[in-house]
file protein25.json (JSON, C-alpha atoms)
[["chain", "number", "residue", "atom", "x", "y", "z"],
["A", 1, "MET", "CA", -16.35, 11.36, -31.61],
["A", 2, "PRO", "CA", -14.89, 14.57, -33.12],
["A", 3, "ARG", "CA", -13.02, 13.83, -36.32],
["A", 4, "HIS", "CA", -9.78, 15.44, -35.04],
["A", 5, "LEU", "CA", -9.48, 12.79, -32.29],
["A", 6, "PRO", "CA", -8.24, 9.24, -32.91],
["A", 7, "PRO", "CA", -10.07, 6.27, -31.31],
["A", 8, "LEU", "CA", -9.94, 6.30, -27.52],
["A", 9, "TYR", "CA", -9.08, 2.59, -27.35],
["A", 10, "ALA", "CA", -6.00, 3.27, -29.49],
["A", 11, "LEU", "CA", -4.96, 6.14, -27.22],
["A", 12, "ARG", "CA", -5.43, 3.90, -24.17],
["A", 13, "ALA", "CA", -3.18, 1.25, -25.73],
["A", 14, "PHE", "CA", -0.60, 3.93, -26.53],
["A", 15, "GLU", "CA", -0.62, 5.27, -22.96],
["A", 16, "ALA", "CA", -0.23, 1.79, -21.44],
["A", 17, "ALA", "CA", 2.55, 0.80, -23.86],
["A", 18, "ALA", "CA", 4.41, 4.06, -23.22],
["A", 19, "ARG", "CA", 4.08, 3.69, -19.44],
["A", 20, "HIS", "CA", 5.35, 0.10, -19.43],
["A", 21, "SER", "CA", 7.79, 0.47, -22.37],
["A", 22, "SER", "CA", 6.31, -2.85, -23.47],
["A", 23, "PHE", "CA", 3.50, -3.99, -25.77],
["A", 24, "THR", "CA", 3.32, -7.26, -23.83],
["A", 25, "ARG", "CA", 2.77, -5.63, -20.43],
["A", 26, "ALA", "CA", 0.31, -3.17, -21.94],
["A", 27, "ALA", "CA", -1.66, -6.09, -23.36],
["A", 28, "GLU", "CA", -1.71, -7.79, -19.96],
["A", 29, "GLU", "CA", -3.00, -4.64, -18.26],
["A", 30, "LEU", "CA", -5.72, -4.05, -20.87],
["A", 31, "ALA", "CA", -6.68, -7.75, -21.12],
["A", 32, "ILE", "CA", -6.10, -7.85, -24.87],
["A", 33, "THR", "CA", -3.53, -9.55, -27.07],
["A", 34, "GLN", "CA", -0.14, -8.11, -27.90],
["A", 35, "SER", "CA", -1.09, -8.08, -31.58],
["A", 36, "ALA", "CA", -4.15, -5.98, -30.69],
["A", 37, "VAL", "CA", -1.90, -3.43, -28.98],
["A", 38, "SER", "CA", 0.29, -3.36, -32.09],
["A", 39, "ARG", "CA", -2.77, -2.76, -34.28],
["A", 40, "HIS", "CA", -3.91, 0.11, -32.06],
["A", 41, "ILE", "CA", -0.48, 1.71, -32.26],
["A", 42, "ARG", "CA", -0.47, 1.36, -36.05],
["A", 43, "THR", "CA", -3.90, 3.05, -36.10],
["A", 44, "LEU", "CA", -2.43, 6.03, -34.26],
["A", 45, "GLU", "CA", 0.69, 6.13, -36.42],
["A", 46, "THR", "CA", -1.52, 6.20, -39.51],
["A", 47, "PHE", "CA", -3.73, 8.89, -37.98],
["A", 48, "PHE", "CA", -0.77, 11.13, -37.06],
["A", 49, "ALA", "CA", 1.40, 10.09, -40.03],
["A", 50, "CYS", "CA", 4.43, 9.48, -37.84],
["A", 51, "ARG", "CA", 6.17, 6.77, -35.84],
["A", 52, "LEU", "CA", 5.45, 6.55, -32.12],
["A", 53, "PHE", "CA", 7.75, 3.71, -31.02],
["A", 54, "LEU", "CA", 11.19, 2.49, -32.08],
["A", 55, "ARG", "CA", 12.67, -0.91, -31.28],
["A", 56, "SER", "CA", 16.31, -1.38, -30.39],
["A", 57, "GLY", "CA", 16.76, -5.09, -29.73],
["A", 58, "ARG", "CA", 14.27, -5.87, -26.97],
["A", 59, "GLN", "CA", 14.00, -2.25, -25.91],
["A", 60, "LEU", "CA", 10.98, -0.15, -26.84],
["A", 61, "ARG", "CA", 11.66, 3.59, -27.09],
["A", 62, "LEU", "CA", 9.32, 6.51, -27.60],
["A", 63, "THR", "CA", 9.91, 8.79, -30.57],
["A", 64, "GLU", "CA", 9.96, 12.56, -30.15],
["A", 65, "ALA", "CA", 6.37, 12.65, -31.45],
["A", 66, "ALA", "CA", 5.28, 10.11, -28.82],
["A", 67, "ARG", "CA", 6.94, 12.10, -26.03],
["A", 68, "THR", "CA", 5.03, 15.15, -27.21],
["A", 69, "LEU", "CA", 1.72, 13.25, -27.29],
["A", 70, "LEU", "CA", 2.02, 11.30, -24.03],
["A", 71, "PRO", "CA", 1.49, 14.04, -21.35],
["A", 72, "GLY", "CA", -1.78, 15.20, -22.90],
["A", 73, "VAL", "CA", -3.08, 11.66, -23.33],
["A", 74, "ARG", "CA", -2.16, 10.79, -19.76],
["A", 75, "ASP", "CA", -3.81, 13.92, -18.37],
["A", 76, "GLY", "CA", -6.89, 13.32, -20.51],
["A", 77, "PHE", "CA", -7.46, 9.80, -19.22],
["A", 78, "GLY", "CA", -6.81, 11.01, -15.69],
["A", 79, "SER", "CA", -9.54, 13.63, -16.08],
["A", 80, "LEU", "CA", -11.96, 11.03, -17.46],
["A", 81, "GLU", "CA", -11.26, 8.67, -14.55],
["A", 82, "ARG", "CA", -11.79, 11.42, -12.00],
["A", 83, "ALA", "CA", -15.04, 12.50, -13.63],
["A", 84, "CYS", "CA", -16.36, 8.93, -13.55],
["A", 85, "ALA", "CA", -15.12, 8.50, -9.98],
["A", 86, "VAL", "CA", -17.44, 11.28, -8.80],
["A", 87, "LEU", "CA", -20.52, 9.31, -9.86],
["A", 88, "LEU", "CA", -19.10, 6.04, -8.58],
["A", 89, "GLY", "CA", -18.39, 7.66, -5.22],
["A", 90, "GLU", "CA", -21.97, 8.93, -4.96],
["A", 91, "HIS", "CA", -23.69, 5.63, -5.71],
["A", 92, "GLY", "CA", -21.15, 2.81, -5.76],
["A", 93, "GLU", "CA", -18.61, 1.28, -3.44],
["A", 94, "LEU", "CA", -15.91, 3.10, -1.53],
["A", 95, "ARG", "CA", -12.46, 2.53, -2.99],
["A", 96, "MET", "CA", -9.69, 2.28, -0.41],
["A", 97, "LYS", "CA", -5.90, 2.11, -0.65],
["A", 98, "ALA", "CA", -3.88, 0.51, 2.16],
["A", 99, "PRO", "CA", -0.42, -1.02, 2.74],
["A", 100, "PRO", "CA", -0.22, -4.83, 2.36],
["A", 101, "THR", "CA", 0.74, -5.87, 5.91],
["A", 102, "LEU", "CA", -2.05, -3.80, 7.46],
["A", 103, "THR", "CA", -4.42, -5.27, 4.87],
["A", 104, "MET", "CA", -3.60, -8.89, 5.64],
["A", 105, "ARG", "CA", -3.10, -8.62, 9.40],
["A", 106, "TRP", "CA", -5.87, -6.25, 10.41],
["A", 107, "LEU", "CA", -7.93, -4.46, 7.79],
["A", 108, "LEU", "CA", -9.47, -7.29, 5.74],
["A", 109, "ALA", "CA", -11.25, -8.83, 8.73],
["A", 110, "ARG", "CA", -12.61, -5.46, 9.83],
["A", 111, "LEU", "CA", -13.91, -4.52, 6.40],
["A", 112, "SER", "CA", -15.62, -7.91, 6.12],
["A", 113, "ARG", "CA", -17.36, -7.27, 9.44],
["A", 114, "PHE", "CA", -18.25, -3.73, 8.33],
["A", 115, "ARG", "CA", -20.04, -5.10, 5.26],
["A", 116, "GLN", "CA", -21.95, -7.64, 7.33],
["A", 117, "LEU", "CA", -23.08, -5.16, 9.97],
["A", 118, "GLN", "CA", -23.88, -2.29, 7.60],
["A", 119, "SER", "CA", -25.49, -3.65, 4.46],
["A", 120, "GLY", "CA", -24.85, -1.62, 1.33],
["A", 121, "ASN", "CA", -21.57, -0.15, 2.55],
["A", 122, "GLU", "CA", -19.22, -1.89, 0.13],
["A", 123, "VAL", "CA", -15.51, -1.14, 0.29],
["A", 124, "GLN", "CA", -13.21, -2.16, -2.56],
["A", 125, "LEU", "CA", -9.74, -2.48, -1.04],
["A", 126, "THR", "CA", -6.54, -2.15, -3.05],
["A", 127, "SER", "CA", -3.41, -3.31, -1.26],
["A", 128, "ALA", "CA", -0.38, -1.43, -2.54],
["A", 129, "TRP", "CA", 3.28, -1.73, -1.56],
["A", 130, "MET", "CA", 4.61, 1.66, -0.48],
["A", 131, "ASP", "CA", 8.04, 2.22, 1.02],
["A", 132, "ILE", "CA", 6.62, 5.44, 2.43],
["A", 133, "ASP", "CA", 2.81, 5.39, 2.68],
["A", 134, "HIS", "CA", 1.27, 7.84, 0.22],
["A", 135, "VAL", "CA", -1.90, 8.51, -1.75],
["A", 136, "ASP", "CA", -2.64, 11.09, -4.43],
["A", 137, "PHE", "CA", -6.41, 11.58, -4.49],
["A", 138, "HIS", "CA", -6.07, 13.77, -7.57],
["A", 139, "ASP", "CA", -4.41, 11.14, -9.77],
["A", 140, "GLU", "CA", -5.28, 7.84, -8.07],
["A", 141, "PRO", "CA", -8.80, 6.30, -8.19],
["A", 142, "PHE", "CA", -9.40, 6.11, -4.44],
["A", 143, "ASP", "CA", -12.02, 7.62, -2.13],
["A", 144, "CYS", "CA", -10.02, 6.97, 1.04],
["A", 145, "ALA", "CA", -6.82, 5.39, 2.30],
["A", 146, "VAL", "CA", -5.25, 4.03, 5.45],
["A", 147, "LEU", "CA", -1.73, 5.37, 5.78],
["A", 148, "LEU", "CA", 1.08, 5.17, 8.32],
["A", 149, "SER", "CA", 2.05, 8.78, 8.94],
["A", 150, "THR", "CA", 3.14, 11.43, 11.40],
["A", 151, "GLY", "CA", -0.21, 13.11, 10.71],
["A", 152, "HIS", "CA", 0.86, 16.00, 8.49],
["A", 153, "PHE", "CA", -1.81, 15.89, 5.79],
["A", 154, "PRO", "CA", -3.22, 18.46, 3.34],
["A", 155, "ALA", "CA", -5.61, 20.96, 4.90],
["A", 156, "ASP", "CA", -8.56, 19.72, 2.82],
["A", 157, "TRP", "CA", -8.28, 16.10, 4.07],
["A", 158, "GLU", "CA", -10.18, 14.46, 6.89],
["A", 159, "ALA", "CA", -7.85, 12.29, 9.00],
["A", 160, "THR", "CA", -8.94, 9.84, 11.71],
["A", 161, "PRO", "CA", -6.16, 8.34, 13.85],
["A", 162, "LEU", "CA", -6.68, 4.59, 14.28],
["A", 163, "PHE", "CA", -3.73, 3.23, 16.27],
["A", 164, "PRO", "CA", -0.05, 4.05, 16.78],
["A", 165, "GLU", "CA", 2.67, 1.87, 15.32],
["A", 166, "LEU", "CA", 4.27, -0.07, 18.18],
["A", 167, "LEU", "CA", 7.36, -1.99, 17.07],
["A", 168, "ILE", "CA", 8.20, -5.25, 18.85],
["A", 169, "PRO", "CA", 10.44, -8.27, 18.13],
["A", 170, "VAL", "CA", 8.54, -11.36, 16.92],
["A", 171, "GLY", "CA", 9.69, -14.94, 16.50],
["A", 172, "ALA", "CA", 8.65, -18.55, 16.10],
["A", 173, "PRO", "CA", 5.95, -19.95, 18.43],
["A", 174, "ALA", "CA", 8.48, -22.11, 20.33],
["A", 175, "LEU", "CA", 10.07, -18.96, 21.75],
["A", 176, "ALA", "CA", 6.96, -18.38, 23.86],
["A", 177, "GLU", "CA", 8.17, -21.15, 26.17],
["A", 178, "GLN", "CA", 11.42, -19.32, 26.95],
["A", 179, "PRO", "CA", 11.99, -16.57, 29.53],
["A", 180, "PRO", "CA", 12.14, -13.02, 28.17],
["A", 181, "TRP", "CA", 15.32, -12.43, 26.21],
["A", 182, "GLY", "CA", 18.27, -10.17, 26.95],
["A", 183, "ALA", "CA", 20.78, -8.45, 24.70],
["A", 184, "ALA", "CA", 23.07, -11.48, 24.38],
["A", 185, "GLN", "CA", 20.29, -13.72, 23.06],
["A", 186, "LEU", "CA", 19.08, -11.10, 20.61],
["A", 187, "ALA", "CA", 22.63, -10.56, 19.34],
["A", 188, "SER", "CA", 23.09, -14.29, 18.79],
["A", 189, "VAL", "CA", 20.17, -14.78, 16.36],
["A", 190, "GLU", "CA", 19.64, -13.63, 12.80],
["A", 191, "LEU", "CA", 17.66, -10.42, 12.61],
["A", 192, "LEU", "CA", 15.10, -10.27, 9.81],
["A", 193, "HIS", "CA", 14.63, -6.81, 8.34],
["A", 194, "PRO", "CA", 11.14, -5.88, 7.07],
["A", 195, "THR", "CA", 12.46, -2.64, 5.55],
["A", 196, "PRO", "CA", 15.42, -2.39, 3.15],
["A", 197, "ASP", "CA", 16.97, 0.46, 5.17],
["A", 198, "ARG", "CA", 16.58, -1.51, 8.45],
["A", 199, "ARG", "CA", 14.85, 1.51, 9.99],
["A", 200, "ASP", "CA", 12.45, -0.48, 12.19],
["A", 201, "TRP", "CA", 15.13, -2.47, 13.97],
["A", 202, "ARG", "CA", 17.34, 0.61, 14.15],
["A", 203, "HIS", "CA", 14.59, 2.59, 15.89],
["A", 204, "TRP", "CA", 13.75, -0.21, 18.33],
["A", 205, "LEU", "CA", 17.38, -0.85, 19.27],
["A", 206, "LYS", "CA", 18.11, 2.86, 19.74],
["A", 207, "ARG", "CA", 15.08, 3.38, 21.97],
["A", 208, "MET", "CA", 16.09, 0.30, 24.02],
["A", 209, "GLY", "CA", 19.70, 1.47, 24.34],
["A", 210, "LEU", "CA", 20.99, -1.62, 22.50],
["A", 211, "THR", "CA", 22.54, -0.08, 19.40],
["A", 212, "GLU", "CA", 26.08, -1.00, 20.43],
["A", 213, "GLN", "CA", 25.19, -4.48, 21.70],
["A", 214, "VAL", "CA", 23.10, -5.85, 18.81],
["A", 215, "PRO", "CA", 24.63, -5.51, 15.31],
["A", 216, "LEU", "CA", 22.39, -4.69, 12.36],
["A", 217, "GLN", "CA", 24.69, -6.10, 9.70],
["A", 218, "GLY", "CA", 23.58, -9.18, 7.79],
["A", 219, "GLY", "CA", 20.21, -10.86, 8.04],
["A", 220, "GLN", "CA", 17.58, -11.32, 5.35],
["A", 221, "VAL", "CA", 15.98, -8.11, 4.08],
["A", 222, "PHE", "CA", 12.31, -7.93, 3.02],
["A", 223, "ASP", "CA", 10.02, -5.24, 1.62],
["A", 224, "THR", "CA", 7.18, -5.52, 4.14],
["A", 225, "LEU", "CA", 6.44, -6.27, 7.77],
["A", 226, "GLU", "CA", 4.29, -9.14, 6.54],
["A", 227, "MET", "CA", 7.21, -10.97, 4.89],
["A", 228, "GLY", "CA", 9.40, -10.45, 7.93],
["A", 229, "MET", "CA", 6.74, -11.83, 10.28],
["A", 230, "ILE", "CA", 6.08, -14.86, 8.07],
["A", 231, "ALA", "CA", 9.80, -15.69, 8.01],
["A", 232, "ALA", "CA", 10.01, -15.22, 11.79],
["A", 233, "ALA", "CA", 7.03, -17.50, 12.39],
["A", 234, "ARG", "CA", 8.78, -20.22, 10.38],
["A", 235, "GLY", "CA", 11.91, -19.99, 12.50],
["A", 236, "TYR", "CA", 14.27, -18.19, 10.11],
["A", 237, "GLY", "CA", 15.14, -15.53, 12.67],
["A", 238, "VAL", "CA", 13.57, -12.73, 14.68],
["A", 239, "SER", "CA", 11.80, -9.87, 12.91],
["A", 240, "ILE", "CA", 10.15, -6.64, 13.93],
["A", 241, "GLY", "CA", 6.37, -6.59, 13.96],
["A", 242, "ASP", "CA", 3.61, -4.18, 14.88],
["A", 243, "LEU", "CA", 1.90, -4.97, 18.18],
["A", 244, "MET", "CA", -1.65, -4.42, 16.91],
["A", 245, "MET", "CA", -1.05, -6.55, 13.85],
["A", 246, "VAL", "CA", 0.45, -9.51, 15.74],
["A", 247, "THR", "CA", -2.15, -9.57, 18.50],
["A", 248, "GLU", "CA", -4.26, -12.33, 16.94],
["A", 249, "ASP", "CA", -1.24, -14.43, 15.95],
["A", 250, "VAL", "CA", 0.23, -14.22, 19.46],
["A", 251, "ALA", "CA", -3.11, -15.16, 21.05],
["A", 252, "GLN", "CA", -3.45, -18.20, 18.76],
["A", 253, "GLY", "CA", 0.15, -19.33, 19.18],
["A", 254, "ARG", "CA", 1.36, -18.54, 15.65],
["A", 255, "LEU", "CA", 3.95, -15.99, 16.81],
["A", 256, "ALA", "CA", 5.88, -15.33, 20.01],
["A", 257, "LEU", "CA", 7.24, -12.14, 21.59],
["A", 258, "PRO", "CA", 10.74, -13.07, 22.83],
["A", 259, "TRP", "CA", 11.41, -9.55, 24.15],
["A", 260, "PRO", "CA", 8.03, -8.23, 25.36],
["A", 261, "THR", "CA", 8.72, -4.53, 25.01],
["A", 262, "ALA", "CA", 7.10, -2.47, 22.28],
["A", 263, "VAL", "CA", 8.50, 0.86, 21.13],
["A", 264, "ALA", "CA", 6.39, 3.62, 19.59],
["A", 265, "SER", "CA", 7.76, 4.58, 16.18],
["A", 266, "GLY", "CA", 6.23, 8.04, 16.32],
["A", 267, "GLU", "CA", 3.85, 7.26, 13.47],
["A", 268, "THR", "CA", 0.16, 6.34, 13.50],
["A", 269, "TYR", "CA", -2.20, 4.60, 11.10],
["A", 270, "TYR", "CA", -4.80, 7.08, 9.85],
["A", 271, "LEU", "CA", -7.94, 6.75, 7.76],
["A", 272, "VAL", "CA", -7.85, 9.72, 5.40],
["A", 273, "TRP", "CA", -10.10, 11.10, 2.67],
["A", 274, "PRO", "CA", -10.68, 14.45, 0.90],
["A", 275, "ARG", "CA", -13.46, 16.55, 2.42],
["A", 276, "THR", "CA", -14.88, 17.21, -1.03],
["A", 277, "ARG", "CA", -15.16, 13.50, -1.92],
["A", 278, "PRO", "CA", -18.71, 12.20, -2.47],
["A", 279, "GLY", "CA", -19.86, 9.58, 0.03],
["A", 280, "SER", "CA", -18.65, 11.47, 3.10],
["A", 281, "GLU", "CA", -21.45, 10.04, 5.28],
["A", 282, "ARG", "CA", -20.36, 6.49, 4.50],
["A", 283, "LEU", "CA", -16.73, 7.42, 5.08],
["A", 284, "GLN", "CA", -17.66, 8.82, 8.48],
["A", 285, "ARG", "CA", -19.49, 5.58, 9.36],
["A", 286, "LEU", "CA", -16.46, 3.58, 8.28],
["A", 287, "SER", "CA", -14.21, 5.82, 10.37],
["A", 288, "GLU", "CA", -16.35, 5.34, 13.48],
["A", 289, "PHE", "CA", -16.51, 1.58, 12.93],
["A", 290, "LEU", "CA", -12.72, 1.20, 12.61],
["A", 291, "GLN", "CA", -12.20, 3.27, 15.75],
["A", 292, "GLN", "CA", -14.59, 0.99, 17.63],
["A", 293, "GLU", "CA", -12.66, -2.06, 16.38],
["A", 294, "VAL", "CA", -9.41, -0.61, 17.70],
["A", 295, "ALA", "CA", -10.97, 0.22, 21.07],
["A", 296, "ALA", "CA", -12.27, -3.36, 21.42],
["A", 297, "THR", "CA", -8.86, -4.97, 20.78],
["A", 298, "VAL", "CA", -7.06, -6.49, 23.77],
["A", 299, "LEU", "CA", -3.32, -6.21, 23.16],
["A", 300, "PRO", "CA", -0.77, -8.68, 24.56],
["A", 301, "GLU", "CA", 0.61, -7.73, 27.97],
["A", 302, "VAL", "CA", 3.91, -6.03, 27.13],
["A", 303, "ASN", "CA", 5.85, -2.98, 28.20],
["A", 304, "ILE", "CA", 5.28, -0.01, 25.88],
["A", 305, "LEU", "CA", 7.86, 2.75, 25.49],
["A", 306, "GLN", "CA", 6.44, 5.92, 23.97]]
call {"tool": "encode", "arguments": {"input": "protein25.json", "output": "structure tokens"}}
result
Amino acid sequence: MPRHLPPLYALRAFEAAARHSSFTRAAEELAITQSAVSRHIRTLETFFACRLFLRSGRQLRLTEAARTLLPGVRDGFGSLERACAVLLGEHGELRMKAPPTLTMRWLLARLSRFRQLQSGNEVQLTSAWMDIDHVDFHDEPFDCAVLLSTGHFPADWEATPLFPELLIPVGAPALAEQPPWGAAQLASVELLHPTPDRRDWRHWLKRMGLTEQVPLQGGQVFDTLEMGMIAAARGYGVSIGDLMMVTEDVAQGRLALPWPTAVASGETYYLVWPRTRPGSERLQRLSEFLQQEVAATVLPEVNILQ
């Protein structure tokens, strides 16, 4: 290593500690001890002859020198990761990013079947919570992603539409024995909100003309469709689900559709990847496979409002 550069492992510890504002969390990420992180930071402070962190009670603050150093270190490791990703994409597994509810309710089973049917086509899936689905192929270590979107992607991306988001109320299995609900019944139960801004219920109620009849105030708020559907299945109220993602649960009696009308949100799940990414042939095979899986799915018999 050139003599004007400090050890890379010390720079990595510095970047992680600066990002987390914590030696403890940096140690957890790097799978080393907190004392090892401290030693790495001391190595850098000796190398640069300056302090990099200051403690104020439990708070860890960057010095002016650390704030000057951090952007270059971060960009440097990003460049290294992208350079290594090129070779991994040519010969290794595909790395995919996807939202958690889609992962649990639909994608995991399909990727497992993809591996079985097409030996050698490994996909490493990372499930990431995203309030608004997003991927940055420049800074994130992914070859592809499945995102919920209106379809406005960068010009150099490939984008395969998989299925539209169809919002529908879901509840406990016992509700399947009841006749389809009306506004009064829906207004009398607790609504479970799978998005903090209540946008899914708001969209469904507006499209159904029920905004004035069914109040949105109150009700437990969750971060994901998955949490809302789990709570609904256990009888804590009625949540909004996605028709494709509840198909298996409805068929096996784990969820019910008390108001069997689905409303299109205007967004669609897409498989996306950069055209310049290595492994494009495997990505195309994966795209075709997922489209076939969607086409083979038999949805519950409900009304669908576009």
call {"tool": "atom_distance", "arguments": {"input": "protein25.json", "atom1": "CA of Ala251 in chain A", "atom2": "CA of Arg105 in chain A"}}
result
13.4 Å
call {"tool": "closest_residue", "arguments": {"input": "protein25.json", "among": "A:Leu192, A:Leu286, A:Met96, A:Leu162", "to": "Pro141 in chain A", "atoms": "only C-alpha atoms"}}
result
A:Met96
call {"tool": "closest_residue", "arguments": {"input": "protein25.json", "among": "A:Glu140, A:Gln306, A:Glu281, A:Val246", "to": "Thr101 in chain A", "atoms": "all atoms listed in the file"}}
result
A:Val246
call {"tool": "closest_residue", "arguments": {"input": "protein25.json", "among": "A:Trp201, A:Glu29, A:His4, A:Gly78", "to": "Phe48 in chain A", "atoms": "all atoms listed in the file"}}
result
A:His4
call {"tool": "closest_atom_pairs", "arguments": {"input": "protein25.json", "of": "range 72-161 of chain A", "to": "range 7-27 of chain A", "cutoff": "12 Å", "atoms": "only C-alpha atoms", "output": "Markdown table"}}
result
| residue | atom | partner | partner_atom | distance |
| --- | --- | --- | --- | --- |
| A:Gly72 | CA | A:Glu15 | CA | 10.0 |
| A:Val73 | CA | A:Glu15 | CA | 6.9 |
| A:Arg74 | CA | A:Glu15 | CA | 6.6 |
| A:Asp75 | CA | A:Glu15 | CA | 10.3 |
| A:Gly76 | CA | A:Leu11 | CA | 10.0 |
| A:Phe77 | CA | A:Arg12 | CA | 8.0 |
| A:Gly78 | CA | A:Glu15 | CA | 11.1 |
| A:Leu80 | CA | A:Leu8 | CA | 11.3 |
call {"tool": "closest_atom_pairs", "arguments": {"input": "protein25.json", "of": "range 58-148 of chain A", "to": "range 37-45 of chain A", "cutoff": "12 Å", "atoms": "only C-alpha atoms", "output": "tab-separated table"}}
result
residue	atom	partner	partner_atom	distance
A:Leu62	CA	A:Ile41	CA	11.9
A:Thr63	CA	A:Glu45	CA	11.2
A:Ala65	CA	A:Glu45	CA	10.0
A:Ala66	CA	A:Glu45	CA	9.7
A:Leu69	CA	A:Leu44	CA	10.9
call {"tool": "closest_residue", "arguments": {"input": "protein25.json", "among": "A:Asp139, A:Asp242, A:Ala98, A:Gly235", "to": "Val123 in chain A", "atoms": "only C-alpha atoms"}}
result
A:Ala98
call {"tool": "decode", "arguments": {"input": "protein25.json", "residues": "range 9-63 of chain A", "atoms": "C-alpha atoms", "output": "PDB file, in the first residue's frame"}}
result
ATOM      1  CA  TYR A   9      -9.278  -1.519   7.721  1.00  0.00           C
ATOM      2  CA  ALA A  10      -8.804   1.611   9.853  1.00  0.00           C
ATOM      3  CA  LEU A  11     -10.500   3.764   7.215  1.00  0.00           C
ATOM      4  CA  ARG A  12     -13.386   1.285   7.039  1.00  0.00           C
ATOM      5  CA  ALA A  13     -13.826   1.474  10.820  1.00  0.00           C
ATOM      6  CA  PHE A  14     -13.743   5.276  10.619  1.00  0.00           C
ATOM      7  CA  GLU A  15     -16.393   5.376   7.874  1.00  0.00           C
ATOM      8  CA  ALA A  16     -18.719   3.018   9.773  1.00  0.00           C
ATOM      9  CA  ALA A  17     -18.274   4.881  13.078  1.00  0.00           C
ATOM     10  CA  ALA A  18     -18.904   8.235  11.378  1.00  0.00           C
ATOM     11  CA  ARG A  19     -22.006   6.932   9.593  1.00  0.00           C
ATOM     12  CA  HIS A  20     -23.525   5.469  12.763  1.00  0.00           C
ATOM     13  CA  SER A  21     -22.147   8.099  15.188  1.00  0.00           C
ATOM     14  CA  SER A  22     -21.338   5.086  17.347  1.00  0.00           C
ATOM     15  CA  PHE A  23     -18.329   2.819  17.892  1.00  0.00           C
ATOM     16  CA  THR A  24     -20.682   0.104  19.146  1.00  0.00           C
ATOM     17  CA  ARG A  25     -22.862   0.040  16.026  1.00  0.00           C
ATOM     18  CA  ALA A  26     -19.791   0.237  13.803  1.00  0.00           C
ATOM     19  CA  ALA A  27     -18.373  -2.799  15.592  1.00  0.00           C
ATOM     20  CA  GLU A  28     -21.624  -4.710  15.074  1.00  0.00           C
ATOM     21  CA  GLU A  29     -21.643  -3.914  11.351  1.00  0.00           C
ATOM     22  CA  LEU A  30     -17.991  -4.906  10.878  1.00  0.00           C
ATOM     23  CA  ALA A  31     -18.241  -7.986  13.130  1.00  0.00           C
ATOM     24  CA  ILE A  32     -15.398  -6.829  15.361  1.00  0.00           C
ATOM     25  CA  THR A  33     -15.216  -5.629  18.951  1.00  0.00           C
ATOM     26  CA  GLN A  34     -15.800  -2.064  20.048  1.00  0.00           C
ATOM     27  CA  SER A  35     -12.247  -1.919  21.386  1.00  0.00           C
ATOM     28  CA  ALA A  36     -10.990  -2.923  17.925  1.00  0.00           C
ATOM     29  CA  VAL A  37     -12.884   0.002  16.393  1.00  0.00           C
ATOM     30  CA  SER A  38     -11.315   2.298  18.990  1.00  0.00           C
ATOM     31  CA  ARG A  39      -7.843   0.980  18.122  1.00  0.00           C
ATOM     32  CA  HIS A  40      -8.444   1.574  14.416  1.00  0.00           C
ATOM     33  CA  ILE A  41      -9.541   5.138  15.106  1.00  0.00           C
ATOM     34  CA  ARG A  42      -6.451   5.740  17.248  1.00  0.00           C
ATOM     35  CA  THR A  43      -4.334   4.411  14.357  1.00  0.00           C
ATOM     36  CA  LEU A  44      -5.841   7.043  12.069  1.00  0.00           C
ATOM     37  CA  GLU A  45      -5.512   9.806  14.638  1.00  0.00           C
ATOM     38  CA  THR A  46      -1.832   8.946  15.024  1.00  0.00           C
ATOM     39  CA  PHE A  47      -1.375   8.800  11.252  1.00  0.00           C
ATOM     40  CA  PHE A  48      -3.028  12.208  10.687  1.00  0.00           C
ATOM     41  CA  ALA A  49      -1.842  13.723  13.993  1.00  0.00           C
ATOM     42  CA  CYS A  50      -5.299  15.017  14.849  1.00  0.00           C
ATOM     43  CA  ARG A  51      -8.494  14.034  16.642  1.00  0.00           C
ATOM     44  CA  LEU A  52     -11.319  12.564  14.582  1.00  0.00           C
ATOM     45  CA  PHE A  53     -14.068  12.103  17.192  1.00  0.00           C
ATOM     46  CA  LEU A  54     -15.137  13.990  20.309  1.00  0.00           C
ATOM     47  CA  ARG A  55     -17.372  12.629  23.052  1.00  0.00           C
ATOM     48  CA  SER A  56     -19.999  14.734  24.772  1.00  0.00           C
ATOM     49  CA  GLY A  57     -21.695  12.460  27.294  1.00  0.00           C
ATOM     50  CA  ARG A  58     -23.001   9.557  25.217  1.00  0.00           C
ATOM     51  CA  GLN A  59     -22.858  11.528  21.991  1.00  0.00           C
ATOM     52  CA  LEU A  60     -20.090  10.954  19.457  1.00  0.00           C
ATOM     53  CA  ARG A  61     -19.281  13.972  17.281  1.00  0.00           C
ATOM     54  CA  LEU A  62     -16.994  14.335  14.291  1.00  0.00           C
ATOM     55  CA  THR A  63     -14.228  16.912  14.461  1.00  0.00           C
TER      56      THR A  63
END
